[in-house]
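A short worksheet on the structure shown next.
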Amino acid sequence: MTATVTLSKTELESCGTVEELRENQQCCGTVEELRENQQWWWLAERERSARLDYLRKAIWKKGALGGNYAKGIRLDLEYPTLFTEAWKKYPYDPIMLRRAKSTAYVLDNISIFITDNAQLVGYVSSAPNTIAWRVDGTSQVNAEIYNEPGIHAEPEEESLKKVADINSYWAGQTAVDKVARILDPEDAVKFLSGAIGWGAPTSAFGYSGKNYEYFLSGDRAFNQIIEEIDEKIADAEEKTTGTPGPDVMPYYDKLNNWTAMKVVLEAGIRFAGRYANLARIVAAKETDEKRKAELLRIAETCERVPANPPRNLQESLQYDHFIQVLARYEAHEGAWPARPDYYHGPLYAKDVEVEKNITEDEALDLIGEFMIRAAEYGSFAPRWSREGLQGITGTFVWTLGGVKKDGTDACNGMTIALLKAARLVRVANPTFGFRWHPKVSNEVLRECFECIRQGLGYPTMRNDPVLIQNTMHWYGHPLEEARTWLHMACMSPAPTTKHGTSPFRMASATMNSAKVIEYALHNGYDRVVNMQMGPKTGDARDIKDFEELFERWTIQLKWLMNLLVRTVNLGRTKDPEFFGRPFLSAITERAVERGIDAVNPEGERGNAWITAFTWVENIDSLAAIKKLVFDDKKYTMTQVVDALEAEWNGYEQMRLDFVSAPKWGNDDQYVDDIMLRCLTIAAEHSHKIKCPSGNNWPILPENVSGNIHYANIVGALPNGRRRGDALYDGGVSPGPGLDRAGPTAVLKSVGKIDHVGQGRAFLLNQRLSPTQLVGEKGFQLWRSYIRTWADLGIDHIQFNMVSDKVLRSAQKDPEGYQEVIVRVAGYSAHFIDISRKTQDNIIQRTVQGLG
Amino acid sequence: MATCKECQNYFPRNEEALRGDCVRRLTDERQSYFTARPTTESSPCDGCPDYVKNSRTAQTQ
């Protein structure tokens with residue numbers, strides 16, 4: 001336990017000398033001094049309200065610290081016990097109905113809690129320090145849970161016995177067990193090797209887009225959806241008891257699906273009612289009149305939503321939060337697609353700007369807590385996921401800004417409030433992605449800049465006009481639909497409409513792209529896992545020219561894309577049979593209308609993509625070979641293969657030559673042409689492979705912290721990297737320290753990519769100097785830089801603006817720098833929560849000076 | 001044998017006969033909170049560490 005946790009707000013406000021403050025590892029100096037010294041994390045503690053300060057410090061860190069769970073985190077056993085108990089009761093129900101009834105049983109019986117000072121309620125398991133365990137996803141994860149040290153409640157032996165019993169029941173009948181049985185065995189073994197991709201082909205672990213246009217547009221909530229379902233059921237019952245015919249047959253399944261949706265919606269209303277009940281019980285005991293009134297307001301709020309549409313900001317946020325919690329009672333959702341300023345903006349305006357029912361500060365308290373409630377989320381993740389997403393529990397990128405369906409600016413008071421609240425609560429998850437467009441006001445842009453300048457690493461900036469075009473190009477979304485887009489996970493835009501919402505995306509279409517060049521150079525053989533993985537493209541020592549090498553690279557790339565997409569397409573197609581998402585279906589208009597599982601692609605336009613981790617290694621490797629072997633003829637292919645097989649050991653001078661070869665990100669046409677050629681090949685193939693909706697599979701280069709996870713899994717590469725060295729930080733970002741020609745050169749290289757036609761999106765990390773970007777001048781410099789970025793048609797950029805000095809101090813004194821946040825790749829994390837290797841990788845990134 | 005109904009932490013639900021919640025105030029290393037765990041009024045309390053004999057007839061609004 002650290003001082004920052006134990007000091008109260010009152011103590012904070014009265015804290016005296018610098019020495020006393022340092023002794024408590026607490027904020028030093030006055031607010032002005034903290035601002036002057038850019039000690040934003042300590043400034044936030046001073047500036048946020050006592051309520052937000054308490055709530056921010058009250059949440060338990062559920063993200064793994066460098067891969068391990070923090071001390072005190074416990075596995076929730078109430079959900080798995082209740083769910084399994086209920087599941088056994090309904091063996092003859094179809095899977096949607098069985099899941100709905102079992103989930104309803106959990107919602108009726110799991111322990112709930114209300115944190116002191118809270119105004120919003122709802123969590124995914126039984127106590128604040130617990131992480132959820134969704135038992136029917138995959139047996140592999142279940143087995144890992146049993147063996148995970150430190151998370152089992154005392155008496156540990158008793159807890160482990162319960163886990164073992166639950167695992168025994170679910171062994172062989174989880175969603176992934178079922179998919180694995182019908183996968184091509186060779187594909188399954190290669191996928192499960194852990195070398196080429198990650199994820200699980202089931203919606204039990206997917207990213208679920210939400211059809212916000214259906215349930216959060218103001219006039220519809222659970223009761224209204226239930227009414228729609230009742231009409232559907234009445235109509236279907238009439239058909240199934242009427243004139244027989246083939247057209248009637250689908251209604252038997254639809255009836256089950258509608259019933260399942262209704263069961264879980266009604267359970268959701270009851271779940272909220274339980275919070276209302278608890279709030280009233282606590283209010284009856286409460287002696288503080290102010291808190292009593294707050295508790296009664298919580299009760300009224302939970303009696304109103306999710307049953308009926310929200311009428312004020314608190315109800316709106318609470319309604320949204322209940323939706324998110326209920327969806328996560330159904331599955332482990334790895335992302336949190338949201339557009340909170342757009343959907344909560346109208347009630348923010350009503351409460352704060354028009355009717356003035358609450359003050360701006362009171363609204364900030366609610367909005368800050370809304371972020372904290374999301375940051376509180378925790379669900380057990382397997383080790384590969386924890387290493388790849390160090391410090392966080394999923395990629396919760398909330399979308400701000402952008403345009404409305406008619407193309408006008410969508411920014412509003414809530415946009416600004418969210419950006420302000422983020423600086424007060426300083427959570428690393430959720431983060432924001434801001435949809436920049438030419439009509440964004442200076443006021444809003446300045447708020448974005450303040451967040452970045454204060455070291456949050458977010459919002460990432462997204463080029464709205466480019467991404468709207470991109471969304472239309474790849475999937476044929478109509479313009480108005482494309483304009484509703486939000487981040488499906490870290491990067492990929494997905495609309496929120498009836499046909500545009502992507503209900504399910506599995507992370508298992510994630511390729512460890514560096515393997516493509518590795519396999520091209522080793523005849524498709526993986527020397528790390530000792531398996532023949534890719535096609536046998538021949539001994540690379542025999543390659544005579546660059547074209548031959550490129551041809552082999554192309555074959556390996558297509559093979560890898562095909563394998564991952566085959567797996568995901570099958571997983572998705574079979575998911576309604578193997579898993580079932582009744583709640584997600586109940587909040588998806590297309591599913592309610594048709595009586596289908598939302599995961600069923602019927603009526604969905606399709607919005608699939610292949611995440612391409614470790615992409616740029618291919619480009620720099622191909623460029624190095626082209627230059628040093630085929631152009632300069634300094635080395636032979638035999639020497640290259642020999643050096644790589646030796647992991648560069650004994651070839652140090654040669655390795656340094658390869659490190660010095662042309663590198664991506666320096667506006668060097670030699671290597672930039674190779675990037676464009678590789679992306680063109682990938683894009684052409686993306687149009688050939690199709691998702692179950694019949695739509696395309698573009699690639700999306702980005703990394704999260706896969707560059708560290710895969711460090712020991714990717715062998716030595718011709719860019720001079722040794723096995724074990726961190727890979728590049730991802731997307732189309734230049735390798736750390738390899739972008740030597742300045743920030744404009746980086747933008748020019750990245751700007752050569754066609755950000756509409758060559759892929760789904762392209763992650764670009766940049767580090768900027770916090771000392772250079774102070775004050776008004778700093779903002780103007782950054783704004784000009786963003787304008788250049790936008791003019792070049794680049795779709796994404798994100799910034800780290802924390803100095804090496806602070807980061808190195810945080811490495812030495814982690815307790816004193818608990819709220820220092822960095823942008824890792826597609827997400828942010830608290831610096832002290834990521835591994836030393838990842839920390840060093842971030843420090844190595846070039847700090848670009850602007851101007 | 002003592003039952004939940006006789007415990008101070010038991011709060012019956014108006015809408016469900018015989019059902020109620022065990023409501024307690026807890027404090028962990030980071031926060032204090034109120035928690036509710038569903039139970040029935042006839043659930044046995046032998047060995048329950050949270051059992052406190054009731055001196056009132058628990059009623060919610």
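Residues in the structure tokens are numbered from 1 in each chain, the chains being A, B, ... in the order shown, and ligands are numbered from 1 in the order shown.
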Listing only residues of chain B within 9 Å of chain A, what is the closest atom pair and its distance in Å (to one decimal) for each, using only C-alpha atoms, sorted by chain and residue number ascending, as a Markdown table?
| residue | atom | partner | partner_atom | distance |
| --- | --- | --- | --- | --- |
| B:Phe11 | CA | A:Ile281 | CA | 8.0 |
| B:Arg13 | CA | A:Asn277 | CA | 8.2 |
| B:Asp21 | CA | A:Leu278 | CA | 8.5 |
| B:Val23 | CA | A:Leu278 | CA | 7.7 |
| B:Asp28 | CA | A:Asn129 | CA | 8.4 |
| B:Glu29 | CA | A:Met1 | CA | 7.7 |
| B:Arg30 | CA | A:Ala58 | CA | 4.7 |
| B:Gln31 | CA | A:Ala58 | CA | 4.9 |
| B:Ser32 | CA | A:Asp116 | CA | 5.8 |
| B:Tyr33 | CA | A:Thr115 | CA | 4.2 |
| B:Phe34 | CA | A:Ile114 | CA | 5.3 |
| B:Thr35 | CA | A:Phe113 | CA | 4.1 |
| B:Ala36 | CA | A:Ile112 | CA | 5.4 |
| B:Arg37 | CA | A:Ser111 | CA | 4.4 |
| B:Pro38 | CA | A:Asn109 | CA | 5.6 |
| B:Thr39 | CA | A:Asn109 | CA | 8.3 |
| B:Gln59 | CA | A:Ile281 | CA | 8.9 |
| B:Thr60 | CA | A:Ile281 | CA | 6.2 |
| B:Gln61 | CA | A:Arg280 | CA | 7.3 |
**Request:** With a distance cut-off of 8 Å and only C-alpha atoms, select the neighbouring residues of Lys627 of chain A, excluding the residue or stretch itself and same-chain residues fewer than 4 positions from it, and output the selection as a ChimeraX atom specification.
**Result:** /A:623,631-633,661-662
I need the residues from that last selection saved to file as a JSON list (two decimals), in the first residue's frame (with all heavy atoms), if you can.
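Okay, this is what ended up in out35.json:
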[["chain", "number", "residue", "atom", "x", "y", "z"],
["A", 623, "ALA", "N", 14.44, -4.24, -47.40],
["A", 623, "ALA", "CA", 15.28, -3.13, -47.89],
["A", 623, "ALA", "C", 16.76, -3.42, -47.64],
["A", 623, "ALA", "O", 17.61, -3.15, -48.50],
["A", 623, "ALA", "CB", 14.87, -1.82, -47.20],
["A", 631, "ASP", "N", 21.98, -5.02, -54.58],
["A", 631, "ASP", "CA", 22.45, -3.78, -55.20],
["A", 631, "ASP", "C", 23.97, -3.60, -54.98],
["A", 631, "ASP", "O", 24.73, -3.52, -55.93],
["A", 631, "ASP", "CB", 21.71, -2.56, -54.64],
["A", 631, "ASP", "CG", 20.25, -2.53, -55.08],
["A", 631, "ASP", "OD1", 19.85, -3.43, -55.87],
["A", 631, "ASP", "OD2", 19.50, -1.64, -54.63],
["A", 632, "ASP", "N", 24.37, -3.57, -53.71],
["A", 632, "ASP", "CA", 25.79, -3.32, -53.43],
["A", 632, "ASP", "C", 26.63, -4.60, -53.53],
["A", 632, "ASP", "O", 27.86, -4.52, -53.61],
["A", 632, "ASP", "CB", 25.95, -2.73, -52.02],
["A", 632, "ASP", "CG", 25.30, -1.36, -51.89],
["A", 632, "ASP", "OD1", 24.83, -0.83, -52.92],
["A", 632, "ASP", "OD2", 25.23, -0.82, -50.76],
["A", 633, "LYS", "N", 25.99, -5.72, -53.48],
["A", 633, "LYS", "CA", 26.65, -7.03, -53.54],
["A", 633, "LYS", "C", 27.77, -7.16, -52.48],
["A", 633, "LYS", "O", 28.80, -7.76, -52.70],
["A", 633, "LYS", "CB", 27.21, -7.29, -54.95],
["A", 633, "LYS", "CG", 26.13, -7.24, -56.02],
["A", 633, "LYS", "CD", 26.58, -7.79, -57.33],
["A", 633, "LYS", "CE", 25.57, -7.55, -58.44],
["A", 633, "LYS", "NZ", 24.20, -7.87, -58.13],
["A", 661, "ALA", "N", 21.48, -0.09, -42.86],
["A", 661, "ALA", "CA", 20.84, -0.08, -44.19],
["A", 661, "ALA", "C", 19.63, 0.86, -44.15],
["A", 661, "ALA", "O", 19.17, 1.27, -43.08],
["A", 661, "ALA", "CB", 20.41, -1.49, -44.56],
["A", 662, "PRO", "N", 19.10, 1.26, -45.30],
["A", 662, "PRO", "CA", 17.96, 2.19, -45.32],
["A", 662, "PRO", "C", 16.81, 1.70, -44.45],
["A", 662, "PRO", "O", 16.49, 0.51, -44.46],
["A", 662, "PRO", "CB", 17.55, 2.21, -46.80],
["A", 662, "PRO", "CG", 18.78, 1.82, -47.54],
["A", 662, "PRO", "CD", 19.52, 0.87, -46.64]]
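Put simply, atom CA of Asn666 of chain A is 14.3 Å away from atom CA of Asn765 of chain A.
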**Message:** Considering only C-alpha atoms, can you say which of B:Lys5, B:Pro49, B:Pro44, B:Ser55 comes closest to Leu18 of chain B?
**Reply:** B:Lys5
Please list as an mmCIF file with C-alpha atoms, in the first residue's frame every residue within 8 Å of segment 312-328 of chain A, counting only C-alpha atoms and excluding residues in the same chain fewer than 4 positions away.
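Writing done, so here's out06.cif:
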data_model
loop_
_atom_site.group_PDB
_atom_site.id
_atom_site.type_symbol
_atom_site.label_atom_id
_atom_site.label_comp_id
_atom_site.auth_asym_id
_atom_site.auth_seq_id
_atom_site.Cartn_x
_atom_site.Cartn_y
_atom_site.Cartn_z
ATOM 1 C CA LEU A 120 -22.678 5.207 -10.625
ATOM 2 C CA VAL A 121 -22.935 1.485 -9.939
ATOM 3 C CA GLY A 122 -22.402 -1.865 -11.590
ATOM 4 C CA TYR A 123 -19.513 -4.295 -11.768
ATOM 5 C CA VAL A 124 -18.812 -7.563 -13.550
ATOM 6 C CA LEU A 216 -28.942 4.917 -27.031
ATOM 7 C CA GLY A 268 -30.989 -6.774 -16.612
ATOM 8 C CA ALA A 272 -30.528 -2.712 -11.762
ATOM 9 C CA THR A 301 -31.687 6.158 -11.435
ATOM 10 C CA CYS A 302 -31.516 2.371 -11.239
ATOM 11 C CA ARG A 304 -35.435 4.244 -14.312
ATOM 12 C CA VAL A 305 -32.626 2.668 -16.365
ATOM 13 C CA PRO A 306 -32.038 0.360 -18.128
ATOM 14 C CA HIS A 332 -15.093 -11.524 -21.942
ATOM 15 C CA GLU A 333 -15.140 -8.457 -24.150
ATOM 16 C CA TRP A 336 -15.038 -1.142 -25.248
ATOM 17 C CA HIS A 344 -24.497 11.449 -23.941
ATOM 18 C CA LEU A 347 -28.416 15.114 -21.954
ATOM 19 C CA TYR A 348 -25.185 16.836 -20.889
ATOM 20 C CA LYS A 350 -29.852 19.663 -21.217
ATOM 21 C CA ASP A 351 -28.546 19.310 -17.645
ATOM 22 C CA ALA A 363 -21.034 16.945 -14.345
ATOM 23 C CA LEU A 366 -20.141 12.099 -12.975
ATOM 24 C CA ILE A 367 -18.086 11.912 -16.151
ATOM 25 C CA PHE A 370 -17.962 7.104 -15.648
ATOM 26 C CA ARG A 373 -16.141 2.632 -13.569
ATOM 27 C CA ALA A 374 -14.746 1.449 -16.913
ATOM 28 C CA PHE A 583 -27.861 -9.961 -24.502
ATOM 29 C CA LEU A 584 -25.743 -8.621 -27.338
#
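Note that atom CA of Leu700 of chain A and atom CA of Leu676 of chain A are 14.1 Å apart.
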**Item:** Residue neighbourhood Glu645 of chain A, 10 Å, only C-alpha atoms, exclusion window fewer than 5 positions, as a list of chain:residue names
**Value:** A:Leu521, A:His522, A:Arg527, A:Gln639, A:Val640, A:Gly715, A:Ala716, A:Leu717
Dump of N, CA, C and O atoms for the selected residues, as an mmCIF file, in the first residue's frame:
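This is the output file result-v1.cif:
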data_model
loop_
_atom_site.group_PDB
_atom_site.id
_atom_site.type_symbol
_atom_site.label_atom_id
_atom_site.label_comp_id
_atom_site.auth_asym_id
_atom_site.auth_seq_id
_atom_site.Cartn_x
_atom_site.Cartn_y
_atom_site.Cartn_z
ATOM 1 N N LEU A 521 12.710 -16.598 -45.640
ATOM 2 C CA LEU A 521 14.165 -16.825 -45.604
ATOM 3 C C LEU A 521 14.538 -18.205 -45.068
ATOM 4 O O LEU A 521 15.699 -18.579 -45.069
ATOM 5 N N HIS A 522 13.529 -18.941 -44.566
ATOM 6 C CA HIS A 522 13.844 -20.250 -43.976
ATOM 7 C C HIS A 522 12.914 -21.341 -44.505
ATOM 8 O O HIS A 522 12.545 -22.247 -43.770
ATOM 9 N N ARG A 527 12.042 -21.774 -36.898
ATOM 10 C CA ARG A 527 13.158 -22.298 -36.116
ATOM 11 C C ARG A 527 12.940 -22.109 -34.609
ATOM 12 O O ARG A 527 13.661 -22.677 -33.805
ATOM 13 N N GLN A 639 25.393 -15.935 -46.946
ATOM 14 C CA GLN A 639 25.869 -15.288 -45.709
ATOM 15 C C GLN A 639 24.690 -14.799 -44.856
ATOM 16 O O GLN A 639 24.710 -14.910 -43.631
ATOM 17 N N VAL A 640 23.692 -14.253 -45.529
ATOM 18 C CA VAL A 640 22.535 -13.742 -44.783
ATOM 19 C C VAL A 640 21.853 -14.877 -44.027
ATOM 20 O O VAL A 640 21.588 -14.775 -42.813
ATOM 21 N N GLY A 715 12.622 -14.957 -34.670
ATOM 22 C CA GLY A 715 14.070 -15.170 -34.760
ATOM 23 C C GLY A 715 14.784 -13.921 -35.255
ATOM 24 O O GLY A 715 14.185 -12.862 -35.455
ATOM 25 N N ALA A 716 16.086 -14.053 -35.450
ATOM 26 C CA ALA A 716 16.883 -12.924 -35.951
ATOM 27 C C ALA A 716 16.364 -12.502 -37.323
ATOM 28 O O ALA A 716 15.883 -13.319 -38.099
ATOM 29 N N LEU A 717 16.449 -11.198 -37.584
ATOM 30 C CA LEU A 717 15.911 -10.659 -38.838
ATOM 31 C C LEU A 717 16.969 -9.838 -39.569
ATOM 32 O O LEU A 717 17.890 -9.297 -38.941
#
**Prompt:** Residues at most 6 Å from segment 592-609 of chain A, counting only C-alpha atoms, excluding those fewer than 3 positions away in the same chain, as a PyMOL selection string?
**Reply:** chain A and resi 254+257-258+499-500+502-503+585-586+589+693+695+697-699
**Message:** Let's see if you can do this: from backbone DSSP, list all strand (DSSP E or B) residues in segment 95-226 of chain A, as a PyMOL selection string.
**Reply:** chain A and resi 112-115+130-132+197+207
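Reported to one decimal place, the separation of atom CA of Tyr525 of chain A from atom CA of Thr638 of chain A is 16.6 Å.
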**Message:** I want to know what sits within 12 Å of Ala2 of chain B, based on only C-alpha atoms, with residues of the same chain fewer than 6 positions away left out; could you give that as an NGL selection string?
**Reply:** :B and (8 or 41-48 or 51-54)
Output the selection as a PDB file, in the first residue's frame - N, CA and C atoms for each residue.
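Dumped everything to out.pdb:
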ATOM      1  N   GLN B   8     -29.300  -9.281  11.840  1.00  0.00           N
ATOM      2  CA  GLN B   8     -29.401  -7.830  11.657  1.00  0.00           C
ATOM      3  C   GLN B   8     -29.070  -7.410  10.216  1.00  0.00           C
ATOM      4  N   GLU B  41     -34.887 -16.128   3.869  1.00  0.00           N
ATOM      5  CA  GLU B  41     -35.016 -15.909   5.309  1.00  0.00           C
ATOM      6  C   GLU B  41     -34.797 -17.183   6.117  1.00  0.00           C
ATOM      7  N   SER B  42     -34.929 -18.323   5.465  1.00  0.00           N
ATOM      8  CA  SER B  42     -34.751 -19.584   6.216  1.00  0.00           C
ATOM      9  C   SER B  42     -33.344 -20.170   6.093  1.00  0.00           C
ATOM     10  N   SER B  43     -32.461 -19.471   5.396  1.00  0.00           N
ATOM     11  CA  SER B  43     -31.090 -20.003   5.259  1.00  0.00           C
ATOM     12  C   SER B  43     -30.437 -20.126   6.633  1.00  0.00           C
ATOM     13  N   PRO B  44     -29.812 -21.283   6.907  1.00  0.00           N
ATOM     14  CA  PRO B  44     -29.181 -21.465   8.223  1.00  0.00           C
ATOM     15  C   PRO B  44     -27.946 -20.581   8.375  1.00  0.00           C
ATOM     16  N   CYS B  45     -27.724 -20.075   9.562  1.00  0.00           N
ATOM     17  CA  CYS B  45     -26.618 -19.145   9.804  1.00  0.00           C
ATOM     18  C   CYS B  45     -25.517 -19.745  10.670  1.00  0.00           C
ATOM     19  N   ASP B  46     -25.639 -21.019  10.995  1.00  0.00           N
ATOM     20  CA  ASP B  46     -24.606 -21.612  11.855  1.00  0.00           C
ATOM     21  C   ASP B  46     -23.243 -21.463  11.186  1.00  0.00           C
ATOM     22  N   GLY B  47     -22.325 -20.895  11.900  1.00  0.00           N
ATOM     23  CA  GLY B  47     -20.967 -20.738  11.372  1.00  0.00           C
ATOM     24  C   GLY B  47     -20.793 -19.495  10.517  1.00  0.00           C
ATOM     25  N   CYS B  48     -21.865 -18.749  10.287  1.00  0.00           N
ATOM     26  CA  CYS B  48     -21.732 -17.546   9.460  1.00  0.00           C
ATOM     27  C   CYS B  48     -21.004 -16.470  10.284  1.00  0.00           C
ATOM     28  N   TYR B  51     -23.072 -13.184  11.114  1.00  0.00           N
ATOM     29  CA  TYR B  51     -24.371 -13.245  11.803  1.00  0.00           C
ATOM     30  C   TYR B  51     -24.372 -12.339  13.044  1.00  0.00           C
ATOM     31  N   VAL B  52     -25.372 -11.467  13.087  1.00  0.00           N
ATOM     32  CA  VAL B  52     -25.566 -10.613  14.273  1.00  0.00           C
ATOM     33  C   VAL B  52     -27.043 -10.690  14.620  1.00  0.00           C
ATOM     34  N   LYS B  53     -27.340 -11.154  15.817  1.00  0.00           N
ATOM     35  CA  LYS B  53     -28.755 -11.344  16.190  1.00  0.00           C
ATOM     36  C   LYS B  53     -29.520 -10.040  16.056  1.00  0.00           C
ATOM     37  N   ASN B  54     -30.660 -10.144  15.419  1.00  0.00           N
ATOM     38  CA  ASN B  54     -31.474  -8.965  15.145  1.00  0.00           C
ATOM     39  C   ASN B  54     -32.293  -8.550  16.356  1.00  0.00           C
TER      40      ASN B  54
END
All residues 10 Å or closer to segment 542-553 of chain A, only C-alpha atoms, same chain fewer than 4 positions away omitted, as a CSV table (one decimal) with N, CA, C and O atoms, in the first residue's frame:
chain,number,residue,atom,x,y,z
A,515,LYS,N,6.9,-12.9,-39.0
A,515,LYS,CA,7.1,-14.3,-39.4
A,515,LYS,C,7.1,-14.5,-41.0
A,515,LYS,O,7.6,-15.4,-41.5
A,516,VAL,N,6.5,-13.5,-41.7
A,516,VAL,CA,6.5,-13.6,-43.1
A,516,VAL,C,7.9,-13.5,-43.7
A,516,VAL,O,8.3,-14.4,-44.5
A,517,ILE,N,8.6,-12.6,-43.3
A,517,ILE,CA,10.0,-12.5,-43.9
A,517,ILE,C,10.9,-13.6,-43.3
A,517,ILE,O,11.7,-14.2,-44.0
A,518,GLU,N,10.6,-14.0,-42.0
A,518,GLU,CA,11.3,-15.1,-41.4
A,518,GLU,C,11.1,-16.4,-42.2
A,518,GLU,O,12.1,-17.1,-42.6
A,519,TYR,N,9.9,-16.7,-42.6
A,519,TYR,CA,9.6,-17.9,-43.3
A,519,TYR,C,10.1,-17.8,-44.7
A,519,TYR,O,10.5,-18.8,-45.3
A,520,ALA,N,10.0,-16.6,-45.3
A,520,ALA,CA,10.5,-16.5,-46.7
A,520,ALA,C,12.0,-16.8,-46.7
A,520,ALA,O,12.5,-17.3,-47.8
A,521,LEU,N,12.7,-16.6,-45.6
A,521,LEU,CA,14.2,-16.8,-45.6
A,521,LEU,C,14.5,-18.2,-45.1
A,521,LEU,O,15.7,-18.6,-45.1
A,523,ASN,N,12.5,-21.2,-45.8
A,523,ASN,CA,11.7,-22.2,-46.4
A,523,ASN,C,10.5,-22.6,-45.7
A,523,ASN,O,10.0,-23.7,-45.6
A,524,GLY,N,9.9,-21.6,-45.1
A,524,GLY,CA,8.6,-21.8,-44.4
A,524,GLY,C,8.7,-22.5,-43.0
A,524,GLY,O,7.7,-22.8,-42.4
A,535,PRO,N,4.4,-22.3,-46.4
A,535,PRO,CA,4.7,-23.2,-47.6
A,535,PRO,C,6.3,-23.3,-47.8
A,535,PRO,O,7.0,-22.4,-47.4
A,536,LYS,N,6.7,-24.4,-48.3
A,536,LYS,CA,8.1,-24.6,-48.6
A,536,LYS,C,8.5,-23.8,-49.9
A,536,LYS,O,8.2,-24.2,-51.0
A,537,THR,N,9.0,-22.6,-49.7
A,537,THR,CA,9.3,-21.7,-50.8
A,537,THR,C,10.8,-21.9,-51.2
A,537,THR,O,11.3,-21.2,-52.1
A,538,GLY,N,11.5,-22.8,-50.6
A,538,GLY,CA,12.9,-23.2,-51.1
A,538,GLY,C,13.9,-22.5,-50.2
A,538,GLY,O,13.7,-21.6,-49.4
A,557,LEU,N,3.1,-14.4,-47.1
A,557,LEU,CA,2.1,-13.5,-46.6
A,557,LEU,C,0.7,-14.0,-46.8
A,557,LEU,O,-0.2,-14.0,-45.9
A,558,LYS,N,0.4,-14.4,-48.1
A,558,LYS,CA,-0.9,-14.8,-48.4
A,558,LYS,C,-1.3,-16.1,-47.6
A,558,LYS,O,-2.4,-16.2,-47.2
A,559,TRP,N,-0.3,-17.0,-47.4
A,559,TRP,CA,-0.6,-18.2,-46.6
A,559,TRP,C,-1.0,-17.8,-45.2
A,559,TRP,O,-2.0,-18.3,-44.7
A,618,ASN,N,9.3,-6.3,-41.8
A,618,ASN,CA,9.4,-6.9,-43.1
A,618,ASN,C,10.0,-5.9,-44.1
A,618,ASN,O,10.8,-6.2,-44.9
A,622,LEU,N,13.5,-6.4,-45.9
A,622,LEU,CA,13.6,-6.5,-47.4
A,622,LEU,C,14.5,-5.4,-48.0
A,622,LEU,O,15.3,-5.7,-48.9
A,623,ALA,N,14.4,-4.2,-47.4
A,623,ALA,CA,15.3,-3.1,-47.9
A,623,ALA,C,16.8,-3.4,-47.6
A,623,ALA,O,17.6,-3.2,-48.5
A,625,ILE,N,18.3,-6.3,-47.4
A,625,ILE,CA,18.8,-7.4,-48.3
A,625,ILE,C,18.9,-6.8,-49.7
A,625,ILE,O,19.9,-7.1,-50.4
A,626,LYS,N,17.9,-6.1,-50.1
A,626,LYS,CA,18.0,-5.5,-51.5
A,626,LYS,C,19.3,-4.7,-51.6
A,626,LYS,O,20.0,-4.8,-52.6
A,627,LYS,N,19.5,-3.8,-50.6
A,627,LYS,CA,20.6,-2.9,-50.7
A,627,LYS,C,22.0,-3.7,-50.6
A,627,LYS,O,22.8,-3.5,-51.5
A,629,VAL,N,22.7,-7.0,-50.5
A,629,VAL,CA,23.0,-8.3,-51.2
A,629,VAL,C,22.9,-8.0,-52.8
A,629,VAL,O,23.8,-8.3,-53.5
A,630,PHE,N,21.7,-7.5,-53.2
A,630,PHE,CA,21.5,-7.4,-54.6
A,630,PHE,C,22.0,-6.1,-55.3
A,630,PHE,O,22.3,-6.2,-56.5
A,631,ASP,N,22.0,-5.0,-54.6
A,631,ASP,CA,22.5,-3.8,-55.2
A,631,ASP,C,24.0,-3.6,-55.0
A,631,ASP,O,24.7,-3.5,-55.9
A,636,THR,N,26.3,-12.1,-49.6
A,636,THR,CA,25.5,-13.1,-50.4
A,636,THR,C,24.3,-13.6,-49.6
A,636,THR,O,24.3,-13.4,-48.4
A,637,MET,N,23.4,-14.2,-50.3
A,637,MET,CA,22.2,-14.7,-49.6
A,637,MET,C,22.6,-15.8,-48.6
A,637,MET,O,22.1,-16.0,-47.6
A,638,THR,N,23.7,-16.6,-49.0
A,638,THR,CA,24.2,-17.6,-48.2
A,638,THR,C,24.7,-17.0,-46.8
A,638,THR,O,24.4,-17.5,-45.8
A,674,ILE,N,9.4,0.0,-51.0
A,674,ILE,CA,9.2,-1.4,-50.6
A,674,ILE,C,7.9,-1.4,-49.7
A,674,ILE,O,7.1,-2.4,-49.9
A,677,ARG,N,4.9,-1.3,-51.9
A,677,ARG,CA,4.7,-2.5,-52.7
A,677,ARG,C,4.2,-3.6,-51.8
A,677,ARG,O,3.3,-4.4,-52.2
A,678,CYS,N,4.7,-3.7,-50.6
A,678,CYS,CA,4.2,-4.8,-49.7
A,678,CYS,C,2.7,-4.5,-49.3
A,678,CYS,O,1.9,-5.4,-49.3
**Prompt:** So which bits of segment 694-849 of chain A end up helix (DSSP H, G or I) when you DSSP the backbone, as a PyMOL selection string?
**Reply:** chain A and resi 706-709+743-751+775-791+804-812+814-817+831-833+836-844
**Complete:** Counting only C-alpha atoms, closest pick from B:Arg25, B:Gly20, B:Met1, B:Pro12 relative to Asp50 of chain B is B:Arg25
